[in-house]
Amino acid sequence: MTMARPLSGLTRRNVMTELLAGVTLLAIAIPLNIGYAQIAGLPATAGLYALIVPTVVYVLVVSSRQVVASPDAAAAALVASSIGGLAAAGRADYATLALAQAIICGVMFVLLSVFKLGFLANFLSKPILVGFVGGLAFDILISQIAKMLGVSIDSGSEFVDKTIGLVTGLGTANVWSLLISVGSIVILLVGRRWLPAVPWALVVLIVSTILVMVVHLDEFGVAVLGAVPAGPPVFTWPIIDWTLWLALIPSAIALTLVTTAEGLLVSRSYSERRRYPFRANRDLFAFGVANIAAGAQGSFAVGASTSRTAAMDQAGSRTQLPSLVLAVGTLLLLLFGTALLADIPSPAIGAVVAVAIIPLLGIRDFIELWKKDRFECAVGATCFLVTLFFGAIPGIVVAFVLALINLAKRAANPAIDVLQSDGDPGESLLEEAPAGTTTAPGVVVIRLAAPLFFANASVFTAAVQSAITSVDGPPVRHLVLDMEAVTDIDVTGAESFETLQHWLIDNDVALAFSRMRPAVRSRLAELGLLDRQPIFDTNRTALAALVEAAGREDQP
């Protein structure tokens with residue numbers, strides 16, 4: 001695998017801009033990663049450790065100049081929902097499972113890269129991603145609302161149980177927690193609207209922490225983050241039973257696929273926008289080594305952060321230098337500044353995370369899908385509900401089933417057109433003819449705009465038979481199949497095609513082909529479907545040769 005120079009795009013002219021963007025990224029990432037660690041049911045250090053070694057190895061390998069690697073809200077929720085059933089959140093074995101899950105994800109990313117299987121993520125269409133991530137986000141939101149109100153619920157329980165716990169616990173809500181939360185949300189929303197360049201998440205945490213320390217709000221029932229262990233991340237390795245390794249594979253697959261789909265989409269979009277090279281398989285390898293590093297030094301699954309990447313782009317960053325600034329800054333914080341984190345109020349963290357995940361609910365996306373395609377909107381909604389009520393793993397399974405159904409639905413109804421001729425030999429023969437007509441007297445030219453395979457084989461056969469039998473006027477004597485859009489034929493399609501050939505013989509209709517690709521011609525010969533049928537270079541030459549023949553055949 002060829003490696004490009006690290007920090008591609010960095011010059012003397014832009015180094016100061018990149019360093020300042022790194023400070024902004026540091027201010028954004030630290031409070032968010034503390035919140036994401038709490039979503040995942042892990043200590044704050046798990047979120048901070050992800051910003052050091054995993055970030056550095058990602059920067060040294062990735063082809064993208066801008067994508068920021070970090071745990072995100074959806075990944076954190078998936079970690080919590082998938083591991084929660086195997087171990088209780090907060091216990092040592094829970095943290096160990098999170099490390100193992102990250103390592104499995106890393107191995108899967110490396111395999112995807114080596115075998116160039118990134119295309120599998122294409123099965124996660126936009127409606128499916130919107131529904132899946134939206135379901136996870138809504139589940140997170142319930143936990144954050146409870147945190148903002150000071151209501152104690154089991155964050156590792158199912159959505160229904162958490163919702164019931166929140167509703168029944170409203171009587172125990174803490175007024176100070178509510179005030180901190182409302183103030184934090186107002187600052188975040190108003191601040192981002194008027195001064196988007198300011199790291200408002202950091203401002204919220206600093207102001208609320210000072211308030212807690214001055215007024216001693218922790219004595220009035222406001223929960224705080226608590227002591228954060230000082231020191232750099234250390235090498236570790238999860239020691240668990242092999243059955244638990246196997247049990248983690250489904251959730252690791254879900255994490256890997258979602259990150260692959262989102263990460264490659266973000267990488268491709270920014271590379272096209274900013275005009276620099278993008279190598280999908282190398283980016284997958286970068287995610288792989290970053291996740292292995294995360295699992296080997298006390299963190300959890302790492303993916304692509306869309307929001308932070310967008311923030312860096314807006315800050316003028318065009319290299320990975322801000323991520324290195326982030327890694328160094330986080331390390332210094334862990335070495336010398338963890339005491340500053342102990343009094344951060346949990347309601348403020350909940351507000352920061354809640355505001356960050358609201359866009360993940362996909363409300364605008366669902367409205368857009370409803371306007372454009374009701375079926376795809378229903379696909380997204382189904383994925384949303386399954387993920388929300390049954391969990392992330394059933395959600396990803398349903399996502400793939402729906403993707404296959406959607407694919408089969410569209411493949412089973414390809415465009416099958418009878419082409420019409422306007423009599424001008426200089427014009428191409430591509431327009432669709434009205435139903436019940438021929439292309440020319442005694443001749444029908446039919447174009448299949450798809451490969452011929454099991455999903456559409458019977459539909460194609462029926463369409464050809466209907467086009468021939470429904471003609472008003474002289475009977476059809478010649479059928480020309482325009483093969484320009486047919487790129488492949490499978491065994492089921494071949495069997496259906498053979499049945500069609502017998503039907504054509506029984507009905508005295510001669511078969512011919514036009515615009516056939518060499519590879520398809522070889523495939524037809526291999527399947528025994530080519531005998532002595534004429535093959536024309538264009539539809540025009542086919543008509544010129546066959547119209548006269550059809551006329552002679554109809555003469556008494």
# chains A, B, ... in the order shown; residues from 1 in each chain; ligands from 1

call {"tool": "residues_around", "arguments": {"residues": "Asn281 of chain A", "least_positions_apart": "3", "cutoff": "9 Å", "atoms": "only C-alpha atoms", "output": "ChimeraX atom specification"}}
result
/A:110,112-118,284-286

call {"tool": "closest_atom_pairs", "arguments": {"of": "segment 231-259 of chain A", "to": "segment 46-49 of chain A", "cutoff": "10 Å", "atoms": "only C-alpha atoms", "output": "JSON lines"}}
result
{"residue": "A:Pro232", "atom": "CA", "partner": "A:Tyr49", "partner_atom": "CA", "distance": 7.9}
{"residue": "A:Pro233", "atom": "CA", "partner": "A:Tyr49", "partner_atom": "CA", "distance": 6.1}
{"residue": "A:Val234", "atom": "CA", "partner": "A:Tyr49", "partner_atom": "CA", "distance": 9.3}

call {"tool": "closest_residue", "arguments": {"among": "A:Pro196, A:Gly135, A:Gly9, A:Pro475", "to": "Thr438 of chain A", "atoms": "only C-alpha atoms"}}
result
A:Pro475

call {"tool": "residues_around", "arguments": {"residues": "segment 334-347 of chain A", "least_positions_apart": "3", "cutoff": "10 Å", "atoms": "only C-alpha atoms", "output": "NGL selection string"}}
result
:A and (31 or 34-35 or 38 or 44-45 or 48-49 or 144-150 or 176-182 or 184 or 204-213 or 216-218 or 222-233 or 329-331 or 350-353)

call {"tool": "closest_residue", "arguments": {"among": "A:Ile153, A:Ala542, A:Ala201, A:Ala95", "to": "Thr236 of chain A", "atoms": "only C-alpha atoms"}}
result
A:Ala95
